Amino acid sequence: MANDTVNLTEMSDVSAILRLFEEHHVAPTFDPVPYLTRLAELLEIETENYLKMDPDPFDDRNPSRNPNCSFGHMLKIIFKKEVFMQKLVGDYLRDTYWTRLGISTRDSRELNTAAARLVLDLMPGLEVSVVFQDTEGLINRLFSWAEKGPEPLQSYATGLLAAAMELQDLAANFRELNAHLAPLMLKRLWEIQKKCLEERKKDDFPNAKRCSKFLSDQPSTSSKIPKSTGNKGKAASSSKILKDEDAELMPGPATDDLVSDKGKLQKSNKGKKFQGRIKAAKERKNGNASLNGSALNDSSNSSWAEMESYVIGTYQMHPLTDSTRQILILRYLTPMGEYQELLVHMFEQKALDLILNYIDFDATQDSRLSFEALKYLGALLCHKKFAIEFIHHQGLHRLLEIPRPSIAATGVAMCLYYIAYCEDAMERVCLLPDHVIQELVRYALWLLECSHESGRCHATMFFGTSFQFRIILEQFDAQDGLRRLYNMISTLSILSMEDASDLLDDDESHAARQTVRHVCSALKRYFEIHLALKVEHLQRIRVREMGGSPHPSTPPYKAIKLNPDQIIDLITTAQELLPFRASWSPVNEFVSLGGIPLLLQVIAISYLWNFTGRAETVRSALDVLAVCSVSFRVQMLFCEHIQIPDDANAVGINILLGAAEGDIVADPEVQRAALCVLIHCVCAPVHRVGGSVGRFNGSAKRRSVASRTSEEVLNQVWECVRSHNGIMVLMDLLSVKTPITDADSIRALACKALLGLARSENARQIMGKLPLFTSGQLQVLMREPVLQDKRQEHVKFQKYGLELLEQVSGRIKSNVNEFELSLAKIHKADVVAQTRIQFNEKQLLQLIHQHLLSKNMVESATILMKEAGLPPLPIKQASSNFPPYRAAGSTPATPSRSGRVNSQGAVTLPTTPVAVPSTSTPTQQAGMIKVNLASSRRLRPGMPSPSTQPGSSTQHRALQKVTNWDSPTTMNKSMSGANGGNGETSRGVSLDAIVTEYLMNQHALCKTPMVTCPQFDLFQPHKCPDAKSKNTAPTNFALRVQKRAIYPRFGGLDGARMDRKLIYSRFRPVRTFRNDSETFTCCAFSPCEQFLMIGNQTGELKLYNVNTAAEEATYQCHENYLFNIEPNWTGDLLLTSGMYRPPFSCLWAVGDFFDMKYSFEEEEYVEFSKTVQDKIVGTKGETATVYDVATGKKLLSLTPTTSNNYSKNRATFHPSDELILSDGVLWDAVSGTQIHKFDKLNQSLSGTFHPNGLEIISSSEVWDIRTYHLLRTVPALDQCQVTFSASGDVIYAVHLEEESREEPMYDSSFKTLDAGDYSSIATIDVKRCIYGLCSNKYDTQIAVVENSREFNTPSESIVRLYDVGRLRDDEDVGSEVEDEEGDDDGGASENSDEDLEMLDELVNGGGDEDGIDVEIGSSDSSDGEQFDDGDSDDDDDDTNSYFGSSDDSEFDEELFSLNADSNSSGSSST
């Protein structure tokens, strides 16, 4: 048999031996020892080759999972032989094997030794739980052999026990035997160590010099590694080691967390074994240290045979060496070291001194033996007492002396992590000399780049745990640690945009994900501690500046402990105190490395991962981003594109919103972390320290990142969140109900994010139109928590909800304490709001009966009593108990005056009792109620009320401002009294008292109540006039003119606006131009103002004399339908645009002759530039083209990347000629660069520039060019063609209604609006469809093209000329014929007479009359005006203010109001 196996190869030997075993093992006299011995020899040869590949020593995965490993292939062949394995474990390890076969002459020790040796060789691929739990008496035999058995059986049994004790259940079952055996093993180690020491003393140690040479040639870990320029840069390798030419590098994966929640270390989970990765060093992507081609190869002349023991150590099973014996004993002691009851034996047997001897390379000269001792040390370091003792005995110094690279250095990484986990031990470490701390950090940083995955992960966890000590953090930064930590994940294949991640197997992917998990956790702790130190530094500076004494800082050797709430507070404080452009080195370095996009990529890609630590990974990454969001550079990076495999155009904000919504990881902790990041971005202070200086005067594209202000950055973040549906995501989170335990906290955070986002004008306007606010849905959500146990979180939600309502509604918070509401007060208001008011109707009729009697209406009272069947009332009446109801904690600054529940959930007095005054309508003059507030304030309960009859004893309480509710009883009594006397009130209260109290409550709600008031109207809400500034212009025109002497130029504030409303609400028709044969389509005044140019449907251009209405000339410009005419300022050039046939547009030279200069064949619409009319912009579909006027050459062609496809797109120049608007896209007119694309909110009109150059009007939307925000929507401009007056103060709007047919249908009226605040001035009905409108350059006349509703009716086509600001004569009202010569007698005298007549009418109160064709826009100039005593610019009010005015009645009724302070920001009007 032996001869048959000698000539076989290694792999064939195993198969042949097993075949022969299967053939002969059934024989009675079969001897299995030769088979077991030969298999053990073959396995040991492959084990040696496997170890030379330097696998990760902590990688306990089955080597057979790697197809390239011959050792694993051999294990797989053996494990397939179930009969052999059953005999090996179940029979050959029995000490009675031969006796059971009836052979008493043979001893089983030889067989047991061979079987134990083979099982120990097979252990890397065996399932330990199956081997030891299903075998009777095996553990007891192993204990017996390990204690008293002969060598090598004793050592083999010890090794098998070491594997068995890794199972906690088995270790617990044999606790007593372990307590007995562990001290014996320690004694045995001392004996073997003593024996080895004596043997070494006899030798000359020829390799001692080589060892010293090896130690002296270690590469410096402080050498700089080239920095990565991007998140995919490869991390440079700082050290490499020698290995055999045929050996391969086998790094292992990251280990699982070894720390339990309770602070005790857990054993490694053997059920989740890692698979070894065997790859050549050239295939490694991360560039870490490897064994072949190392730096040692260049700096050392030692051979691998001499250096092998120092790098990977030796492991020889037969013949058994003293080193292997010690290794097997240490493996047994390692799981025992974690048990507290065995710790006393460790101290008694001086285990610490024993370990210190093993980790001394000068003594052991065996890296694997030192590694096993380090594993045992790691188990003992779980105990705080032992860890402190280890530091006290300078054990850390010994650890740092272990050479690297070596397998022992990987064990050092584990020990460093366990030391860092013990806070008391780390405090003692931090008190060591600086050079020791420096070397500790240097060693750990080298481990971050070592070849073993477990070493890298243990080093990462060491830093993640020790960053809380300032001295470690400072050394980490001093040695460029952040870059090395970043390199650990930047080079991973799973984060590559290429398809390299698809080539990884499951084990490699899992290992890479674990690496990402540990690095993100370490980065989280790193930035949190830096944040705490930075805030502490800023606070100390602030205290010193205020003259105070700062609190002492945390000592460097003490841990800085932070909880999540403290971190949020620190971030908020940092945003307030940290200068906007201050350089914060950790964040700046991380940004320069590309860390922000990398973490966003990790968050996005984790959606595809499936492992238990995914939620923790994403949460840690989000926490890092939350701290980094203090920097404005990071917030801007959130708005940039992030490359991820599925979406190359993803934006950082979009990724954060997906995490907040739960799309990436359905974990509430992740959602909260993502919401916190969004909150820190959108809720950041608008004006930060140093954030409003250094503005660069130029375009946004040329403006560098460093020169942006805090407001600009915040606006960019708001816009990015809004444009990526952030409002929708956050509002959906407000109504989340699952998971029930976290729903309330998620609601509160989402509401806080909305509150920050609501500071954006754009977002606030959108929010104000959503049902969440308009339909009271938010108030419903605020009523009660999802889970009653989370009421504290619900209080936060209510607080943010009230502030959000305040922000969206535009009201100014008058009292900060109003929002410091307790849950009890909110609950009371909620109960009141849900209460249904009920009362006895007969009681109401009785009060009416009493009121009739008090007014001497006896007959009416008798009829009422008879019909209603009322019992007689007693003569004596009780006092009233109707306190004015106002819950100070829940009523807004401007409460509702109706009986509805207002937006904050507070309840005002219902209108139920007020329905009764309708019965006294016929006698309103006699029943009108006047309230003397002064006398009311002097009333006290018990005093007679002046509102009752002299003989009556009816009383009522004085008007009081309720600022607090003393008890629920008080509030309930007040509510019951205020709602009709149902409850505590007496049945004899008077109707006068009820009405008086109701009106007093209305009066109490006035912002500026007056003592002397006119009669109160029972059918209209009462409101005292608001206070006005002294320099406010009077509403009466005559008084304004008179006041101009005091306040030039318009008589005070708002004078210009009032003048515009007066002038542009009056239009007098003075001339009519008609042609019986053609239909007019467009018109324009000539620059000289002497002629009116009119185009018709046949393409002709006609010139009419403005004064005589005579036709002067006719020119054929196009073949069909001329719809646009535009002369230049000098009158020598004219642009025309036609339809249906080319050329669609032409440029004409106007002089002695009317000649075509250029034709634009494809341009559907053309117009001149605005400032210098040297360019022409044409429109064809979505493309705009710029031409030179002098040469006709094409200068620019502007086609947007994404088209809006407006049906009526018309490209136009900015008033400064620097910008062009086409198809809703803003362009740079010089370079042709696309600047911004506005949201499309209508189908037809692309928009036009406001003359102030700050706004774009597109249908009803008004956009701000500076911020690209939607300023407002103007319903009056919906689907209207806009024409500005020459001064730019007034807008003429003509409605365009699209019909199903090709021809558009126009409205029969035009509107005038104030261009400053977009308030409606008037609507003028002309009885015909308006095809066009133009204004002369002095704004004194307008021309309107009026056609009949039937398109092909030439006789009804006219152009009517109107004087602006003049009233119609009586004969003009309703007249359709205006060809009388009397209209031509105007001139200066007529205008003067008309002005005097108008002035006389205004002085006598006639300023409100209108013509029958003019509908004046309602406006109350006194309503909503603000005090502005400090504003001396009386003449400019809101003319060019892009915010507009909040004083217009049309906008006062909207849910939210615009900033009234901007009324003074415009320029003066003409």
# chains A, B, ... in the order shown; residues from 1 in each chain; ligands from 1
$ residues_around --residues "Trp145 of chain A" --least-positions-apart "2" --cutoff "9 Å" --atoms "only C-alpha atoms" --output "number ranges by chain"
A: 140-143, 147-150, 153-158
$ residues_around --residues "segment 1254-1267 of chain A" --least-positions-apart "4" --cutoff "8 Å" --atoms "only C-alpha atoms" --output "PyMOL selection string"
chain A and resi 715+1241-1242+1245-1250+1271-1281+1442
$ residues_around --residues "Glu423 of chain A" --least-positions-apart "4" --cutoff "8 Å" --atoms "only C-alpha atoms" --output "VMD selection string"
chain A and resid 419 427 559
$ residues_around --residues "Leu787 of chain A" --least-positions-apart "4" --cutoff "10 Å" --atoms "only C-alpha atoms" --output "list of chain:residue names"
A:Lys737, A:Ile740, A:Thr741, A:Asp742, A:Ala743, A:Asp744, A:Arg791, A:Glu793, A:His794
$ write_last_selection --atoms "all heavy atoms" --output "compact mmCIF listing (two decimals), in the first residue's frame"
# COMPACT_ATOMS: atom_id res chain seq x y z
N LYS A 737 -46.99 57.40 10.28
CA LYS A 737 -47.53 56.74 11.48
C LYS A 737 -46.78 55.47 11.84
O LYS A 737 -47.06 54.86 12.87
CB LYS A 737 -49.01 56.40 11.26
CG LYS A 737 -49.90 57.62 11.13
CD LYS A 737 -51.37 57.23 11.00
CE LYS A 737 -52.26 58.47 10.91
NZ LYS A 737 -53.69 58.12 10.79
N ILE A 740 -44.54 53.02 14.92
CA ILE A 740 -45.32 53.81 15.87
C ILE A 740 -44.45 54.40 16.97
O ILE A 740 -44.75 55.47 17.50
CB ILE A 740 -46.44 52.92 16.46
CG1 ILE A 740 -47.41 53.80 17.27
CG2 ILE A 740 -45.88 51.78 17.28
CD1 ILE A 740 -48.65 53.06 17.72
N THR A 741 -43.34 53.74 17.30
CA THR A 741 -42.49 54.24 18.38
C THR A 741 -41.61 55.41 17.94
O THR A 741 -41.08 56.14 18.77
CB THR A 741 -41.58 53.12 18.90
OG1 THR A 741 -40.85 52.55 17.80
CG2 THR A 741 -42.41 52.03 19.55
N ASP A 742 -41.46 55.59 16.64
CA ASP A 742 -40.58 56.66 16.14
C ASP A 742 -41.32 57.70 15.32
O ASP A 742 -40.70 58.66 14.86
CB ASP A 742 -39.46 56.04 15.28
CG ASP A 742 -38.63 55.04 16.04
OD1 ASP A 742 -37.77 55.47 16.82
OD2 ASP A 742 -38.85 53.82 15.87
N ALA A 743 -42.60 57.51 15.10
CA ALA A 743 -43.34 58.41 14.23
C ALA A 743 -43.35 59.84 14.77
O ALA A 743 -43.20 60.81 14.00
CB ALA A 743 -44.77 57.90 14.03
N ASP A 744 -43.51 60.01 16.07
CA ASP A 744 -43.59 61.36 16.63
C ASP A 744 -42.28 62.12 16.48
O ASP A 744 -42.27 63.31 16.15
CB ASP A 744 -43.99 61.29 18.11
CG ASP A 744 -45.41 60.81 18.30
OD1 ASP A 744 -46.33 61.55 17.93
OD2 ASP A 744 -45.61 59.69 18.78
N ARG A 791 -45.24 61.77 24.19
CA ARG A 791 -45.84 63.09 24.27
C ARG A 791 -44.78 64.18 24.26
O ARG A 791 -45.02 65.29 23.78
CB ARG A 791 -46.71 63.20 25.53
CG ARG A 791 -47.83 62.18 25.57
CD ARG A 791 -48.67 62.34 26.83
NE ARG A 791 -49.48 63.53 26.78
CZ ARG A 791 -50.70 63.58 26.25
NH1 ARG A 791 -51.22 62.50 25.70
NH2 ARG A 791 -51.38 64.70 26.25
N GLU A 793 -42.01 64.20 22.50
CA GLU A 793 -41.68 64.45 21.11
C GLU A 793 -42.82 65.19 20.41
O GLU A 793 -42.58 66.03 19.53
CB GLU A 793 -41.41 63.12 20.38
CG GLU A 793 -40.19 62.37 20.89
CD GLU A 793 -38.90 63.09 20.56
OE1 GLU A 793 -38.92 63.91 19.62
OE2 GLU A 793 -37.90 62.85 21.24
N HIS A 794 -44.05 64.88 20.82
CA HIS A 794 -45.20 65.55 20.20
C HIS A 794 -45.24 67.03 20.57
O HIS A 794 -45.68 67.86 19.76
CB HIS A 794 -46.49 64.86 20.63
CG HIS A 794 -47.71 65.37 19.93
ND1 HIS A 794 -47.89 65.25 18.57
CD2 HIS A 794 -48.80 66.04 20.39
CE1 HIS A 794 -49.05 65.80 18.22
NE2 HIS A 794 -49.61 66.28 19.31
$ residues_around --residues "Leu772 of chain A" --least-positions-apart "3" --cutoff "12 Å" --atoms "only C-alpha atoms" --output "list in words"
Ile727, Met728, Leu730, Met731, Asp732, Leu734, Ser735, Cys751, Leu754, Ile766, Met767, Gly768, Lys769, Ser775, Gly776, Gln777, Leu778, Gln779, Val780, Leu781, Met782, Gly801, Leu804, Leu805, Val808 and Ser903 of chain A
$ write_last_selection --atoms "N, CA and C atoms" --output "PDB file, in the first residue's frame"
ATOM      1  N   ILE A 727     -40.097  69.622  -0.455  1.00  0.00           N
ATOM      2  CA  ILE A 727     -41.323  70.003   0.258  1.00  0.00           C
ATOM      3  C   ILE A 727     -42.274  68.823   0.322  1.00  0.00           C
ATOM      4  N   MET A 728     -42.406  68.110  -0.779  1.00  0.00           N
ATOM      5  CA  MET A 728     -43.315  66.966  -0.804  1.00  0.00           C
ATOM      6  C   MET A 728     -42.840  65.869   0.139  1.00  0.00           C
ATOM      7  N   LEU A 730     -40.916  66.108   2.840  1.00  0.00           N
ATOM      8  CA  LEU A 730     -41.036  66.498   4.245  1.00  0.00           C
ATOM      9  C   LEU A 730     -42.492  66.536   4.687  1.00  0.00           C
ATOM     10  N   MET A 731     -43.382  66.965   3.813  1.00  0.00           N
ATOM     11  CA  MET A 731     -44.792  67.001   4.197  1.00  0.00           C
ATOM     12  C   MET A 731     -45.372  65.591   4.302  1.00  0.00           C
ATOM     13  N   ASP A 732     -44.878  64.674   3.493  1.00  0.00           N
ATOM     14  CA  ASP A 732     -45.308  63.278   3.657  1.00  0.00           C
ATOM     15  C   ASP A 732     -44.865  62.718   5.002  1.00  0.00           C
ATOM     16  N   LEU A 734     -44.661  64.342   7.697  1.00  0.00           N
ATOM     17  CA  LEU A 734     -45.480  64.905   8.770  1.00  0.00           C
ATOM     18  C   LEU A 734     -46.651  63.996   9.130  1.00  0.00           C
ATOM     19  N   SER A 735     -47.100  63.207   8.214  1.00  0.00           N
ATOM     20  CA  SER A 735     -48.252  62.333   8.468  1.00  0.00           C
ATOM     21  C   SER A 735     -47.852  60.879   8.635  1.00  0.00           C
ATOM     22  N   CYS A 751     -41.034  68.564  10.574  1.00  0.00           N
ATOM     23  CA  CYS A 751     -41.648  69.882  10.741  1.00  0.00           C
ATOM     24  C   CYS A 751     -40.582  70.952  10.956  1.00  0.00           C
ATOM     25  N   LEU A 754     -39.101  71.708   7.585  1.00  0.00           N
ATOM     26  CA  LEU A 754     -40.014  72.570   6.831  1.00  0.00           C
ATOM     27  C   LEU A 754     -39.978  74.000   7.358  1.00  0.00           C
ATOM     28  N   ILE A 766     -45.111  78.246  -2.037  1.00  0.00           N
ATOM     29  CA  ILE A 766     -45.680  76.949  -2.421  1.00  0.00           C
ATOM     30  C   ILE A 766     -46.409  76.323  -1.240  1.00  0.00           C
ATOM     31  N   MET A 767     -45.789  76.397  -0.069  1.00  0.00           N
ATOM     32  CA  MET A 767     -46.412  75.808   1.114  1.00  0.00           C
ATOM     33  C   MET A 767     -47.756  76.456   1.410  1.00  0.00           C
ATOM     34  N   GLY A 768     -47.819  77.764   1.236  1.00  0.00           N
ATOM     35  CA  GLY A 768     -49.047  78.465   1.591  1.00  0.00           C
ATOM     36  C   GLY A 768     -50.242  78.055   0.764  1.00  0.00           C
ATOM     37  N   LYS A 769     -50.023  77.399  -0.368  1.00  0.00           N
ATOM     38  CA  LYS A 769     -51.132  76.989  -1.214  1.00  0.00           C
ATOM     39  C   LYS A 769     -51.489  75.519  -1.053  1.00  0.00           C
ATOM     40  N   SER A 775     -56.263  73.870   4.494  1.00  0.00           N
ATOM     41  CA  SER A 775     -57.395  73.068   4.962  1.00  0.00           C
ATOM     42  C   SER A 775     -57.284  72.653   6.417  1.00  0.00           C
ATOM     43  N   GLY A 776     -56.281  73.142   7.126  1.00  0.00           N
ATOM     44  CA  GLY A 776     -56.162  72.828   8.553  1.00  0.00           C
ATOM     45  C   GLY A 776     -55.664  71.432   8.840  1.00  0.00           C
ATOM     46  N   GLN A 777     -55.002  70.774   7.868  1.00  0.00           N
ATOM     47  CA  GLN A 777     -54.519  69.419   8.120  1.00  0.00           C
ATOM     48  C   GLN A 777     -53.408  69.404   9.161  1.00  0.00           C
ATOM     49  N   LEU A 778     -52.586  70.428   9.179  1.00  0.00           N
ATOM     50  CA  LEU A 778     -51.506  70.472  10.166  1.00  0.00           C
ATOM     51  C   LEU A 778     -52.062  70.578  11.578  1.00  0.00           C
ATOM     52  N   GLN A 779     -53.118  71.355  11.769  1.00  0.00           N
ATOM     53  CA  GLN A 779     -53.727  71.453  13.094  1.00  0.00           C
ATOM     54  C   GLN A 779     -54.285  70.110  13.550  1.00  0.00           C
ATOM     55  N   VAL A 780     -54.823  69.348  12.615  1.00  0.00           N
ATOM     56  CA  VAL A 780     -55.330  68.016  12.973  1.00  0.00           C
ATOM     57  C   VAL A 780     -54.199  67.121  13.432  1.00  0.00           C
ATOM     58  N   LEU A 781     -53.060  67.178  12.756  1.00  0.00           N
ATOM     59  CA  LEU A 781     -51.916  66.359  13.148  1.00  0.00           C
ATOM     60  C   LEU A 781     -51.360  66.786  14.497  1.00  0.00           C
ATOM     61  N   MET A 782     -51.517  68.059  14.828  1.00  0.00           N
ATOM     62  CA  MET A 782     -50.962  68.568  16.083  1.00  0.00           C
ATOM     63  C   MET A 782     -51.825  68.238  17.289  1.00  0.00           C
ATOM     64  N   GLY A 801     -44.715  73.178  14.681  1.00  0.00           N
ATOM     65  CA  GLY A 801     -45.891  73.383  13.855  1.00  0.00           C
ATOM     66  C   GLY A 801     -46.454  74.781  13.999  1.00  0.00           C
ATOM     67  N   LEU A 804     -44.163  77.083  12.263  1.00  0.00           N
ATOM     68  CA  LEU A 804     -44.301  76.923  10.815  1.00  0.00           C
ATOM     69  C   LEU A 804     -45.540  77.655  10.307  1.00  0.00           C
ATOM     70  N   LEU A 805     -46.635  77.537  11.021  1.00  0.00           N
ATOM     71  CA  LEU A 805     -47.826  78.292  10.649  1.00  0.00           C
ATOM     72  C   LEU A 805     -47.558  79.790  10.700  1.00  0.00           C
ATOM     73  N   VAL A 808     -45.354  80.605   7.567  1.00  0.00           N
ATOM     74  CA  VAL A 808     -46.056  80.529   6.287  1.00  0.00           C
ATOM     75  C   VAL A 808     -47.106  81.627   6.175  1.00  0.00           C
ATOM     76  N   SER A 903     -55.639  79.164  12.761  1.00  0.00           N
ATOM     77  CA  SER A 903     -54.588  78.286  12.259  1.00  0.00           C
ATOM     78  C   SER A 903     -53.727  77.708  13.355  1.00  0.00           C
TER      79      SER A 903
END
$ residues_around --residues "Met636 of chain A" --least-positions-apart "5" --cutoff "12 Å" --atoms "only C-alpha atoms" --output "PyMOL selection string"
chain A and resi 591+596-597+628-631+641+651-653+681-682+704-706+708-710+712-721
$ select_by_dssp --residues "segment 461-676 of chain A" --states "helix (DSSP H, G or I)" --output "MDAnalysis selection string"
chainID A and resid 461:466 470:478 481:490 493:495 499:503 506:545 564:577 585:593 595:608 614:628 632:638 652:661 668:676
$ select_by_dssp --residues "segment 1083-1240 of chain A" --states "strand (DSSP E or B)" --output "JSON, numbers by chain"
{"A": [1083, 1084, 1085, 1091, 1092, 1093, 1094, 1095, 1096, 1100, 1101, 1102, 1103, 1104, 1105, 1111, 1112, 1113, 1114, 1115, 1116, 1122, 1123, 1124, 1125, 1126, 1127, 1133, 1134, 1135, 1136, 1137, 1138, 1145, 1146, 1147, 1148, 1149, 1150, 1154, 1155, 1156, 1157, 1158, 1159, 1160, 1165, 1166, 1167, 1168, 1175, 1176, 1177, 1178, 1179, 1180, 1183, 1184, 1185, 1186, 1187, 1188, 1194, 1195, 1196, 1197, 1198, 1208, 1212, 1213, 1219, 1220, 1221, 1222, 1225, 1226, 1227, 1228, 1234, 1235, 1236, 1237]}
$ residues_around --residues "Tyr1140 of chain A" --least-positions-apart "3" --cutoff "9 Å" --atoms "only C-alpha atoms" --output "VMD selection string"
chain A and resid 1119 to 1121 1144
$ atom_distance --atom1 "atom CA of Leu197 of chain A" --atom2 "atom CA of Thr321 of chain A"
14.3 Å
$ closest_residue --among "A:Ala413, A:Ile1321, A:Leu447, A:Ala1184" --to "Arg1210 of chain A" --atoms "only C-alpha atoms"
A:Ala1184
